[in-house]
Number of protein chains: 4
Amino acid sequence: MNFTSDNAYGAAPEILGALADTNAGAAAPYGADPFTARVTRALSEIFDRQVAAFPVVTGTAANALALATVSPPYGAIFCHAESHIVIDECAAPEFFSGGARLVPLEGADGKITPDVVETSLTHYRGGVHSPKPSAISITQATERGTVYRPEEIRALSEVAKREGMTLHMDGARFANALAYLKCSPTDITWKAGVDVLSFGASKNGALCAEAVVFFDAALVHDFEYRRKRAGHLLSKMRFVSAQLNAYLAEDRWLKWAALANAKTQRLAAALQGIPDAELAHPVEANEIFAFLPNPLLQNIRAAGAQFYDWGMAENGRTLARFVLSFLTPDEDIECFCAILRQQ
Amino acid sequence: MNFTSDNAYGAAPEILGALADTNAGAAAPYGADPFTARVTRALSEIFDRQVAAFPVVTGTAANALALATVSPPYGAIFCHAESHIVIDECAAPEFFSGGARLVPLEGADGKITPDVVETSLTHYRGGVHSPKPSAISITQATERGTVYRPEEIRALSEVAKREGMTLHMDGARFANALAYLKCSPTDITWKAGVDVLSFGASKNGALCAEAVVFFDAALVHDFEYRRKRAGHLLSKMRFVSAQLNAYLAEDRWLKWAALANAKTQRLAAALQGIPDAELAHPVEANEIFAFLPNPLLQNIRAAGAQFYDWGMAENGRTLARFVLSFLTPDEDIECFCAILRQQ
Amino acid sequence: MNFTSDNAYGAAPEILGALADTNAGAAAPYGADPFTARVTRALSEIFDRQVAAFPVVTGTAANALALATVSPPYGAIFCHAESHIVIDECAAPEFFSGGARLVPLEGADGKITPDVVETSLTHYRGGVHSPKPSAISITQATERGTVYRPEEIRALSEVAKREGMTLHMDGARFANALAYLKCSPTDITWKAGVDVLSFGASKNGALCAEAVVFFDAALVHDFEYRRKRAGHLLSKMRFVSAQLNAYLAEDRWLKWAALANAKTQRLAAALQGIPDAELAHPVEANEIFAFLPNPLLQNIRAAGAQFYDWGMAENGRTLARFVLSFLTPDEDIECFCAILRQQ
Amino acid sequence: MNFTSDNAYGAAPEILGALADTNAGAAAPYGADPFTARVTRALSEIFDRQVAAFPVVTGTAANALALATVSPPYGAIFCHAESHIVIDECAAPEFFSGGARLVPLEGADGKITPDVVETSLTHYRGGVHSPKPSAISITQATERGTVYRPEEIRALSEVAKREGMTLHMDGARFANALAYLKCSPTDITWKAGVDVLSFGASKNGALCAEAVVFFDAALVHDFEYRRKRAGHLLSKMRFVSAQLNAYLAEDRWLKWAALANAKTQRLAAALQGIPDAELAHPVEANEIFAFLPNPLLQNIRAAGAQFYDWGMAENGRTLARFVLSFLTPDEDIECFCAILRQQ
């Protein structure tokens with residue numbers, strides 16, 4: 001019963017199969033192959049617009065490369081204090097950008113709002129004494145398993161545009177957000193003012209595949225130089241692109257995300273049935289944050305459930321995080337629910 | 001007939017198969033899985049010594065991470081002017097190290113010698129006015145398809161040790177070098193004074209797998225922080241490690257390299273039979289550099305052979321490069337030889 | 001009536017005079033001159049210990065070079081959210097360190113405490129996923145005009161030592177702090193666990209002179225390479241060193257700081273006499289932060305007083321900052337006090 | 001008899017005097033003072049065009065800031081292998097730019113030519129595999145004491161423009177070059193295609209003052225952020241600007257350079273009179289490179305002359321470098337010539 005992360009599971013058979021299908025014969029290296037070209041076409045279709053898309057193997061690389069492309073070394077990037085780029089990437093954005101500053105902001109449910117960005121901006125109006133505000137970065141779905149609504153994104157993008165900043169979206173769980181909102185991918189990206197998207201696949205069935213998607217060709221600039229010199233231009237890029245092609249084909253990415261979300265809802269419902277349990281945030285994607293009684297936590301751990309403590313809460317309860325994948329076995333969920341019922 | 005590069009071909013079926021074998025169930029992410037632990041064990045056995053080994057997905061990442069670990073930002077790294085880190089990696093070592101200097105040196109057959117390093121060092125004795133000599137980096141097999149002998153490496157390592165520098169080996173084609181020398185892997189690495197090795201697999205049958213191998217644990221330092229913040233710590237690292245495990249099992253890496261070398265010899269022999277053709281360097285690994293008459297080049301290109309021009313030579317000849325993989329089809333070599341015979 | 005900053009005033013005549021005295025004849029460039037050697041001797045005497053001292057021309061350079069020397073590129077530096085390195089140096093520490101993270105902490109009166117550092121550290125225990133805690137940086141006197149007591153510094157140093165971090169002190173106004181505490185310079189530096197100090201002079205009578213002071217030679221490492229490649233090793237370094245020598249001679253630095261502090265107390269006393277005025281922090285060095293009624297602020301500005309608004313407060317009052325130098329003319333203070341009395 | 005460098009001497013009395021004249025009263029810090037504004041006006045007049053000029057305290061800072069402004073982190077900067085940025089600045093351009101590559105080129109008399117740039121460029125046409133050609137940097141006067149003619153500069157600028165590169169001039173000894181050529185400052189700068197100039201004063205009478213001069217406002221971009229975060233925006237910038245104003249007033253800079261050049265000619269003439277002595281390069285500015293018999297070198301050193309050996313030559317001779325300043329005492333030159341006559 002592994003609920004630690006959606007990256008604990010392996011790859012979808014369809015994606016593994018695509019690797020074999022891609023393997024035959026010689027192909028132009030470094031992304032000049034037809035598989036990679038097809039990624040751009042597929043994403044352009046999905047986003048109903050010509051996009052520039054670049055495969056990479058990790059979300060950290062996607063985020064850091066995207067941010068370094070749109071932020072100068074003396075830039076300031078405004079983001080949630082708990083965002084992946086702040087908490088989980090070992091200062092990769094700082095490294096790739098050459099020293100830009102991440103400005104950590106607070107906000108309920110893992111979201112930032114125009115207000116908090118604007119308040120923070122007042123400290124960045126000192127001319128050259130402060131880093132230059134260059135980007136806002138938001139996470140969709142958020143690190144707390146919630147989902148930005150189109151109008152929330154648009155409101156942030158208005159601040160960004162007014163201040164000459166770029167709006168970046170860390171979409172490591174973009175599919176889960178979209179499966180929740182059931183809107184068009186365009187509604188939460190370029191139509192809402194997003195300039196560049198880290199489009200995730202690794203957490204949703206790929207081995208190692210993400211794409212940096214620019215909605216405006218002018219922003220791409222020298223992205224490809226940056227990717228190369230970061231060691232992220234694979235010689236056999238076709239194997240990354242093949243993952244993305246299989247992921248995008250037949251709406252698999254959305255089906256898998258919807259399945260992960262549904263499994264998450266089942267587990268959330270079971271948790272809500274527990275006396276003294278309390279969800280910390282709306283469960284909208286494939287993550288659950290719940291305050292649970294400490295004895296319960298001990299018991300379910302003893303019974304074999306794996307998940308993360310997310311900090312201590314008062315009154316004998318602890319905040320716990322559960323993350324599900326479409327690959328999380330149904331039996332594991334059943335088993336977990338059965339354990340909960342026994343408490 | 002694709003002789004452009006050994007990365008033009010795909011992956012060995014054994015390696016693709018290993019991915020599927022690795023896929024079942026959940027595993028600890030970020031390299032805390034058993035497949036990754038097995039890589040270190042396998043390489044420690046091969047190198048007859050406890051090594052610290054870290055999988056990454058590209059040779060550029062392996063080289064740049066290794067060099068950044070052993071060279072400070074104000075360091076100078078001495079290497080051949082045609083080495084991959086100088087010519088083909090878009091200044092990745094400079095990026096990863098935070099601005100270290102690559103000092104390009106000349107040398108016959110793609111090799112550098114103690115003499116040329118020492119001459120160059122005289123310009124780096126100005127105290128803080130020059131970057132601090134920090135590393136020597138050599139390529140094995142070299143970019144000209146030749147192979148350093150153990151004593152050549154040892155001589156360079158003596159300069160490195162005397163000057164307080166680290167000796168790095170770019171082993172993107174390490175297997176090909178070893179298959180040629182038929183010595184122990186130890187003879188051309190730590191026994192010859194190599195401190196850190198970029199151990200390649202991608203050019204010899206893997207999809208995307210290399211390992212940075214430290215022979216001295218003290219040098220590892222904070223390598224893992226550097227890999228993480230460069231976006232090169234994959235969440236599903238088991239899929240990279242599985243490639244390396246399959247590669248190292250049953251001596252496949254050496255068998256494949258020997259096969260590639262043998263195919264290369266066949267093609268080299270055919271080229272040598274051409275009037276006015278001349279090998280530019282001894283053919284020791286899986287690369288051929290040959291001066292060929294321009295009309296011949298035109299004809300063989302017209303007949304479908306793909307390869308790179310490597311610069312103009314006098315007297316109506318051009319330097320051409322041919323690279324072979326164990327996956328290069330025998331029919332392609334046959335066909336190419338037949339074309340040559342018709343000239 | 002310029003109370004905007006202590007850097008608004010020029011240089012002390014004694015320091016200007018020292019430049020002329022230093023000028024005669026040729027001298028070894030790049031700090032190999034006798035004037036620079038004398039700086040180290042003078043500071044070693046003041047700190048009652050052999051120190052390594054390096055002159056630079058700005059506080060930003062001193063802080064960023066010191067921090068880059070003790071923090072790796074993947075390091076995290078814990079400091080007050082309003083510290084100069086966070087607010088006023090355009091991400092210089094990030095630049096010099098190659099991408100280290102400043103972790104901004106809250107704390108009353110411009111000070112951080114062990115508690116807040118330890119709480120923040122809990123987010124930096126994720127191994128390679130977070131930057132590695134590398135340093136604590138405190139400001140003495142603080143950006144709010146208060147002064148750390150020896151025991152406050154010692155308590156922070158204990159956290160630092162326990163966590164393997166270095167303790168840096170931004171002493172742009174070190175003299176003002178010392179003049180207030182009337183303790184030995186050793187009590188608030190190495191005896192309290194400070195490892196490296198940015199020793200300021202520019203705000204207290206020099207033209208452009210600071211010194212980075214290492215109390216432990218082992219930490220110096222390659223500081224001199226870093227200073228050189230940052231363009232901060234002046235060819236005619238003797239002119240910076242001469243400023244420091246004149247500054248340190250005859251206890252001038254302490255006398256000037258005491259004078260600045262005394263002038264500040266006079267102005268603070270006058271402000272406290274105003275109805276509805278309120279000091280935001282104890283006035284311990286040469287800065288005053290006071291909530292003042294908005295009409296009063298308008299009047300004193302109209303009367304020619306220059307100072308900074310430091311943010312809006314409720315109830316018709318604004319937080320204003322006044323900074324004084326020993327060079328602030330007594331007449332300006334008199335005039336300002338007279339204006340206040342008329343309100 | 002110090003002929004080691006033009007930075008061995010102190011400052012001109014006129015420049016020291018200007019510091020005192022600048023000192024009175026308060027002034028806006030960080031370059032917002034009237035003295036700094038005057039620098040831009042003075043340089044705009046001298047260059048017969050509105051320029052953007054930024055004072056800094058070292059030539060290394062001027063060069064590295066200028067190059068980082070016009071070259072991306074993945075850029076390649078073509079320059080002479082012996083240029084100051086390659087040999088004497090501890091990889092500062094690499095640091096400031098975030099990892100750009102300096103491409104060292106050979107060329108007679110310290111100069112590079114369009115030919116050698118174009119040959120090198122052929123290795124930088126591999127798309128993202130090589131750093132992107134971004135700038136050519138030349139030194140005027142060169143590190144060998146020679147002077148680029150306007151048409152030589154123009155020819156290099158044509159290559160730069162054609163390739164989308166910027167042309168930077170390291171003018172640490174710009175005044176000496178101009179004094180030799182006796183042309184307009186415009187003839188060897190923007191009229192010849194120079195985009196940005198490091199305008200030196202420190203080697204010619206200032207304490208610590210250089211200016212980065214952009215001839216095209218569009219190139220300035222965010223230079224001021226870069227200067228600030230490098231710790232090169234002095235709070236009391238007026239004292240650097242005052243040096244430049246005094247330097248530029250009354251044509252002092254040119255008079256002093258002409259004087260230094262004339263002194264250099266006297267010493268060169270004396271050296272040419274020595275049997276077996278040979279000038280390595282035309283003596284055009286204030287540096288002499290001469291092959292001198294080793295016994296002679298020993299004798300003149302024993303007699304008190306200080307200068308640098310610049311490498312070994314054959315036949316019992318060594319290349320020696322002599323640099324003169326307008327502040328080099330006439331008696332020292334007389335004395336040195338007398339010693340030579342005795343040989």
# chains A, B, ... in the order shown; residues from 1 in each chain; ligands from 1
$ residues_around --residues "region 43-47 of chain B" --least-positions-apart "2" --cutoff "9 Å" --atoms "only C-alpha atoms" --output "PyMOL selection string"
chain B and resi 38-41+49-53+184-186+189-190+213+215+248
$ closest_atom_pairs --of "chain B" --to "chain D" --cutoff "7 Å" --atoms "only C-alpha atoms" --output "CSV"
residue,atom,partner,partner_atom,distance
B:Tyr74,CA,D:Ala91,CA,6.6
B:Ile87,CA,D:Ser130,CA,6.1
B:Asp88,CA,D:His129,CA,4.8
B:Glu89,CA,D:His129,CA,5.3
B:Cys90,CA,D:Ser130,CA,4.2
B:Ala91,CA,D:Pro131,CA,6.0
B:Glu94,CA,D:Gly99,CA,4.8
B:Phe95,CA,D:Gly99,CA,4.9
B:Gly98,CA,D:Gly99,CA,6.2
B:Gly99,CA,D:Gly99,CA,4.5
B:Arg101,CA,D:Ala91,CA,6.7
B:Val128,CA,D:Cys90,CA,6.3
B:His129,CA,D:Asp88,CA,4.7
B:Ser130,CA,D:Cys90,CA,4.2
B:Pro131,CA,D:Cys90,CA,4.6
$ residues_around --residues "Leu267 (chain B)" --least-positions-apart "5" --cutoff "10 Å" --atoms "only C-alpha atoms" --output "PyMOL selection string"
chain B and resi 261-262+272+287-288+322-324+333-334+336-337+340
$ write_last_selection --atoms "all heavy atoms" --output "mmCIF file, in the first residue's frame"
data_model
loop_
_atom_site.group_PDB
_atom_site.id
_atom_site.type_symbol
_atom_site.label_atom_id
_atom_site.label_comp_id
_atom_site.auth_asym_id
_atom_site.auth_seq_id
_atom_site.Cartn_x
_atom_site.Cartn_y
_atom_site.Cartn_z
ATOM 1 N N ASN B 261 34.004 -2.546 -32.649
ATOM 2 C CA ASN B 261 35.389 -2.363 -33.096
ATOM 3 C C ASN B 261 35.686 -3.247 -34.310
ATOM 4 O O ASN B 261 36.336 -2.802 -35.272
ATOM 5 C CB ASN B 261 36.366 -2.712 -31.960
ATOM 6 C CG ASN B 261 36.373 -1.670 -30.849
ATOM 7 O OD1 ASN B 261 35.614 -0.702 -30.886
ATOM 8 N ND2 ASN B 261 37.227 -1.873 -29.843
ATOM 9 N N ALA B 262 35.210 -4.466 -34.259
ATOM 10 C CA ALA B 262 35.484 -5.387 -35.366
ATOM 11 C C ALA B 262 34.823 -4.905 -36.647
ATOM 12 O O ALA B 262 35.420 -4.945 -37.739
ATOM 13 C CB ALA B 262 34.998 -6.791 -34.997
ATOM 14 N N GLN B 272 41.043 1.488 -46.754
ATOM 15 C CA GLN B 272 42.489 1.506 -47.030
ATOM 16 C C GLN B 272 42.815 0.958 -48.401
ATOM 17 O O GLN B 272 43.870 1.243 -48.951
ATOM 18 C CB GLN B 272 43.236 0.705 -45.952
ATOM 19 C CG GLN B 272 43.456 1.522 -44.697
ATOM 20 C CD GLN B 272 44.261 0.765 -43.671
ATOM 21 O OE1 GLN B 272 43.747 -0.198 -43.104
ATOM 22 N NE2 GLN B 272 45.497 1.180 -43.456
ATOM 23 N N GLU B 287 35.812 4.355 -34.471
ATOM 24 C CA GLU B 287 35.760 5.529 -35.331
ATOM 25 C C GLU B 287 36.894 5.471 -36.346
ATOM 26 O O GLU B 287 38.010 5.068 -36.015
ATOM 27 C CB GLU B 287 35.922 6.809 -34.507
ATOM 28 C CG GLU B 287 34.761 7.063 -33.574
ATOM 29 C CD GLU B 287 34.851 8.450 -32.950
ATOM 30 O OE1 GLU B 287 35.690 8.634 -32.057
ATOM 31 O OE2 GLU B 287 34.103 9.334 -33.372
ATOM 32 N N ILE B 288 36.584 5.916 -37.552
ATOM 33 C CA ILE B 288 37.590 5.995 -38.615
ATOM 34 C C ILE B 288 37.660 7.432 -39.099
ATOM 35 O O ILE B 288 36.617 8.037 -39.394
ATOM 36 C CB ILE B 288 37.197 5.099 -39.813
ATOM 37 C CG1 ILE B 288 37.039 3.650 -39.365
ATOM 38 C CG2 ILE B 288 38.197 5.246 -40.954
ATOM 39 C CD1 ILE B 288 36.280 2.795 -40.375
ATOM 40 N N PHE B 322 33.808 8.169 -39.947
ATOM 41 C CA PHE B 322 32.832 7.077 -39.941
ATOM 42 C C PHE B 322 32.804 6.483 -38.526
ATOM 43 O O PHE B 322 33.848 6.148 -37.974
ATOM 44 C CB PHE B 322 33.242 5.976 -40.923
ATOM 45 C CG PHE B 322 33.393 6.459 -42.335
ATOM 46 C CD1 PHE B 322 34.568 7.058 -42.769
ATOM 47 C CD2 PHE B 322 32.340 6.323 -43.240
ATOM 48 C CE1 PHE B 322 34.710 7.510 -44.069
ATOM 49 C CE2 PHE B 322 32.474 6.775 -44.546
ATOM 50 C CZ PHE B 322 33.670 7.371 -44.963
ATOM 51 N N VAL B 323 31.617 6.340 -37.978
ATOM 52 C CA VAL B 323 31.489 5.753 -36.642
ATOM 53 C C VAL B 323 30.556 4.553 -36.728
ATOM 54 O O VAL B 323 29.509 4.621 -37.383
ATOM 55 C CB VAL B 323 30.915 6.767 -35.620
ATOM 56 C CG1 VAL B 323 31.024 6.226 -34.197
ATOM 57 C CG2 VAL B 323 31.632 8.102 -35.722
ATOM 58 N N LEU B 324 30.943 3.477 -36.069
ATOM 59 C CA LEU B 324 30.116 2.275 -36.128
ATOM 60 C C LEU B 324 29.689 1.818 -34.740
ATOM 61 O O LEU B 324 30.386 2.040 -33.749
ATOM 62 C CB LEU B 324 30.876 1.144 -36.841
ATOM 63 C CG LEU B 324 30.943 1.345 -38.375
ATOM 64 C CD1 LEU B 324 32.149 2.178 -38.754
ATOM 65 C CD2 LEU B 324 30.880 0.022 -39.105
ATOM 66 N N ILE B 333 27.499 -2.573 -43.962
ATOM 67 C CA ILE B 333 28.954 -2.602 -44.173
ATOM 68 C C ILE B 333 29.267 -3.308 -45.486
ATOM 69 O O ILE B 333 30.081 -2.820 -46.290
ATOM 70 C CB ILE B 333 29.645 -3.302 -42.975
ATOM 71 C CG1 ILE B 333 29.335 -2.531 -41.688
ATOM 72 C CG2 ILE B 333 31.145 -3.414 -43.210
ATOM 73 C CD1 ILE B 333 29.807 -3.210 -40.420
ATOM 74 N N GLU B 334 28.595 -4.420 -45.719
ATOM 75 C CA GLU B 334 28.785 -5.134 -46.984
ATOM 76 C C GLU B 334 28.498 -4.231 -48.166
ATOM 77 O O GLU B 334 29.274 -4.137 -49.114
ATOM 78 C CB GLU B 334 27.839 -6.355 -47.052
ATOM 79 C CG GLU B 334 28.265 -7.500 -46.159
ATOM 80 C CD GLU B 334 29.751 -7.766 -46.271
ATOM 81 O OE1 GLU B 334 30.260 -7.879 -47.421
ATOM 82 O OE2 GLU B 334 30.422 -7.819 -45.231
ATOM 83 N N PHE B 336 28.422 -1.030 -48.302
ATOM 84 C CA PHE B 336 29.387 0.067 -48.398
ATOM 85 C C PHE B 336 30.691 -0.434 -49.042
ATOM 86 O O PHE B 336 31.266 0.221 -49.916
ATOM 87 C CB PHE B 336 29.656 0.633 -47.008
ATOM 88 C CG PHE B 336 30.546 1.842 -47.014
ATOM 89 C CD1 PHE B 336 30.067 3.085 -47.399
ATOM 90 C CD2 PHE B 336 31.891 1.738 -46.638
ATOM 91 C CE1 PHE B 336 30.892 4.205 -47.404
ATOM 92 C CE2 PHE B 336 32.718 2.853 -46.646
ATOM 93 C CZ PHE B 336 32.217 4.086 -47.032
ATOM 94 N N CYS B 337 31.127 -1.619 -48.604
ATOM 95 C CA CYS B 337 32.366 -2.160 -49.162
ATOM 96 C C CYS B 337 32.200 -2.442 -50.651
ATOM 97 O O CYS B 337 33.118 -2.216 -51.458
ATOM 98 C CB CYS B 337 32.766 -3.440 -48.420
ATOM 99 S SG CYS B 337 33.268 -3.124 -46.707
ATOM 100 N N LEU B 340 32.531 0.704 -52.494
ATOM 101 C CA LEU B 340 33.940 1.117 -52.563
ATOM 102 C C LEU B 340 34.673 0.348 -53.665
ATOM 103 O O LEU B 340 35.490 0.910 -54.405
ATOM 104 C CB LEU B 340 34.638 0.877 -51.221
ATOM 105 C CG LEU B 340 34.324 1.862 -50.086
ATOM 106 C CD1 LEU B 340 35.146 1.503 -48.857
ATOM 107 C CD2 LEU B 340 34.612 3.306 -50.500
#
$ closest_residue --among "C:Leu292, C:Met1, C:Ala192, C:Cys208" --to "Val56 (chain C)" --atoms "only C-alpha atoms"
C:Cys208
$ atom_distance --atom1 "CA of Phe3 (chain D)" --atom2 "CA of Phe54 (chain C)"
26.7 Å
$ select_by_dssp --residues "region 37-174 of chain D" --states "alpha helix (DSSP H)" --output "ChimeraX atom specification"
/D:37-46,59-70,84-87,92-97,114-121,150-162,174
$ select_by_dssp --residues "region 262-300 of chain D" --states "strand (DSSP E or B)" --output "VMD selection string"
chain D and resid 278 to 279 287 to 293
$ residues_around --residues "region 9-16 of chain C" --least-positions-apart "6" --cutoff "8 Å" --atoms "only C-alpha atoms" --output "list in words"
Gly205, Ala206, Leu207, Ala242, Gln243, Ala246, Tyr247, Ser325, Leu327 and Thr328 of chain C; Leu19, Ala20, Asn23, Ala24, Gly25, Ala26, Ala27 and Lys236 of chain D
$ write_last_selection --atoms "N, CA and C atoms" --output "PDB file, in the first residue's frame"
ATOM      1  N   GLY C 205      32.738  56.969   7.543  1.00  0.00           N
ATOM      2  CA  GLY C 205      33.835  57.881   7.299  1.00  0.00           C
ATOM      3  C   GLY C 205      34.800  57.549   6.184  1.00  0.00           C
ATOM      4  N   ALA C 206      34.759  56.333   5.665  1.00  0.00           N
ATOM      5  CA  ALA C 206      35.653  56.006   4.549  1.00  0.00           C
ATOM      6  C   ALA C 206      34.997  56.380   3.226  1.00  0.00           C
ATOM      7  N   LEU C 207      35.826  56.427   2.172  1.00  0.00           N
ATOM      8  CA  LEU C 207      35.266  56.655   0.841  1.00  0.00           C
ATOM      9  C   LEU C 207      34.637  55.362   0.326  1.00  0.00           C
ATOM     10  N   ALA C 242      44.802  52.083   2.805  1.00  0.00           N
ATOM     11  CA  ALA C 242      45.131  53.325   3.527  1.00  0.00           C
ATOM     12  C   ALA C 242      43.902  53.864   4.244  1.00  0.00           C
ATOM     13  N   GLN C 243      42.752  53.744   3.602  1.00  0.00           N
ATOM     14  CA  GLN C 243      41.522  54.194   4.266  1.00  0.00           C
ATOM     15  C   GLN C 243      41.287  53.396   5.548  1.00  0.00           C
ATOM     16  N   ALA C 246      43.790  54.367   8.304  1.00  0.00           N
ATOM     17  CA  ALA C 246      43.449  55.629   8.946  1.00  0.00           C
ATOM     18  C   ALA C 246      42.206  55.482   9.823  1.00  0.00           C
ATOM     19  N   TYR C 247      41.294  54.660   9.369  1.00  0.00           N
ATOM     20  CA  TYR C 247      40.039  54.428  10.096  1.00  0.00           C
ATOM     21  C   TYR C 247      40.298  53.762  11.442  1.00  0.00           C
ATOM     22  N   SER C 325      25.117  60.087  10.726  1.00  0.00           N
ATOM     23  CA  SER C 325      26.555  59.825  10.637  1.00  0.00           C
ATOM     24  C   SER C 325      27.245  60.780  11.605  1.00  0.00           C
ATOM     25  N   LEU C 327      29.265  62.614  10.655  1.00  0.00           N
ATOM     26  CA  LEU C 327      29.434  63.792   9.809  1.00  0.00           C
ATOM     27  C   LEU C 327      28.143  64.586   9.642  1.00  0.00           C
ATOM     28  N   THR C 328      27.034  64.058  10.145  1.00  0.00           N
ATOM     29  CA  THR C 328      25.792  64.831  10.099  1.00  0.00           C
ATOM     30  C   THR C 328      26.001  66.120  10.883  1.00  0.00           C
TER      31      THR C 328
ATOM     32  N   LEU D  19      39.257  64.485  -5.277  1.00  0.00           N
ATOM     33  CA  LEU D  19      38.524  63.788  -4.225  1.00  0.00           C
ATOM     34  C   LEU D  19      38.139  64.748  -3.120  1.00  0.00           C
ATOM     35  N   ALA D  20      39.103  65.569  -2.720  1.00  0.00           N
ATOM     36  CA  ALA D  20      38.835  66.538  -1.659  1.00  0.00           C
ATOM     37  C   ALA D  20      37.758  67.525  -2.101  1.00  0.00           C
ATOM     38  N   ASN D  23      34.212  66.207  -1.674  1.00  0.00           N
ATOM     39  CA  ASN D  23      33.844  65.633  -0.392  1.00  0.00           C
ATOM     40  C   ASN D  23      32.780  66.398   0.387  1.00  0.00           C
ATOM     41  N   ALA D  24      32.637  67.677   0.088  1.00  0.00           N
ATOM     42  CA  ALA D  24      31.802  68.499   0.970  1.00  0.00           C
ATOM     43  C   ALA D  24      30.336  68.083   0.933  1.00  0.00           C
ATOM     44  N   GLY D  25      29.749  67.978   2.108  1.00  0.00           N
ATOM     45  CA  GLY D  25      28.305  67.832   2.224  1.00  0.00           C
ATOM     46  C   GLY D  25      27.769  66.478   1.826  1.00  0.00           C
ATOM     47  N   ALA D  26      26.451  66.385   1.857  1.00  0.00           N
ATOM     48  CA  ALA D  26      25.776  65.140   1.510  1.00  0.00           C
ATOM     49  C   ALA D  26      25.541  65.087  -0.001  1.00  0.00           C
ATOM     50  N   ALA D  27      25.465  63.874  -0.508  1.00  0.00           N
ATOM     51  CA  ALA D  27      25.159  63.697  -1.936  1.00  0.00           C
ATOM     52  C   ALA D  27      24.341  62.423  -2.070  1.00  0.00           C
ATOM     53  N   LYS D 236      29.239  55.601  -2.262  1.00  0.00           N
ATOM     54  CA  LYS D 236      29.800  56.943  -2.467  1.00  0.00           C
ATOM     55  C   LYS D 236      30.469  57.003  -3.842  1.00  0.00           C
TER      56      LYS D 236
END
$ atom_distance --atom1 "CA of Ile339 (chain A)" --atom2 "CA of Pro275 (chain A)"
14.1 Å
$ residues_around --residues "Asp309 (chain B)" --least-positions-apart "6" --cutoff "7 Å" --atoms "only C-alpha atoms" --output "list in words"
Thr318, Leu319, Ala320 and Arg321 of chain B
$ write_last_selection --atoms "N, CA, C and O atoms" --output "PDB file, in the first residue's frame"
ATOM      1  N   THR B 318      39.280  15.098 -48.689  1.00  0.00           N
ATOM      2  CA  THR B 318      38.589  15.621 -47.505  1.00  0.00           C
ATOM      3  C   THR B 318      38.709  14.594 -46.390  1.00  0.00           C
ATOM      4  O   THR B 318      38.694  13.388 -46.642  1.00  0.00           O
ATOM      5  N   LEU B 319      38.804  15.117 -45.181  1.00  0.00           N
ATOM      6  CA  LEU B 319      38.824  14.222 -44.029  1.00  0.00           C
ATOM      7  C   LEU B 319      37.373  13.837 -43.692  1.00  0.00           C
ATOM      8  O   LEU B 319      36.522  14.703 -43.471  1.00  0.00           O
ATOM      9  N   ALA B 320      37.110  12.541 -43.698  1.00  0.00           N
ATOM     10  CA  ALA B 320      35.760  12.058 -43.406  1.00  0.00           C
ATOM     11  C   ALA B 320      35.791  11.193 -42.149  1.00  0.00           C
ATOM     12  O   ALA B 320      36.785  10.535 -41.854  1.00  0.00           O
ATOM     13  N   ARG B 321      34.683  11.246 -41.392  1.00  0.00           N
ATOM     14  CA  ARG B 321      34.586  10.427 -40.187  1.00  0.00           C
ATOM     15  C   ARG B 321      33.471   9.384 -40.328  1.00  0.00           C
ATOM     16  O   ARG B 321      32.368   9.699 -40.750  1.00  0.00           O
TER      17      ARG B 321
END
$ closest_residue --among "D:Ala303, D:Leu296, D:Ala175, D:Ile77" --to "Gly316 (chain D)" --atoms "only C-alpha atoms"
D:Leu296
$ atom_distance --atom1 "CA of Pro329 (chain D)" --atom2 "CA of Lys255 (chain D)"
16.0 Å
$ closest_residue --among "B:Gln140, B:Asn7, B:Thr58, B:Ser134" --to "Leu234 (chain A)" --atoms "only C-alpha atoms"
B:Thr58
$ closest_residue --among "C:Ala135, C:Leu65, C:Ala217, C:Ala249" --to "Arg229 (chain D)" --atoms "only C-alpha atoms"
C:Leu65
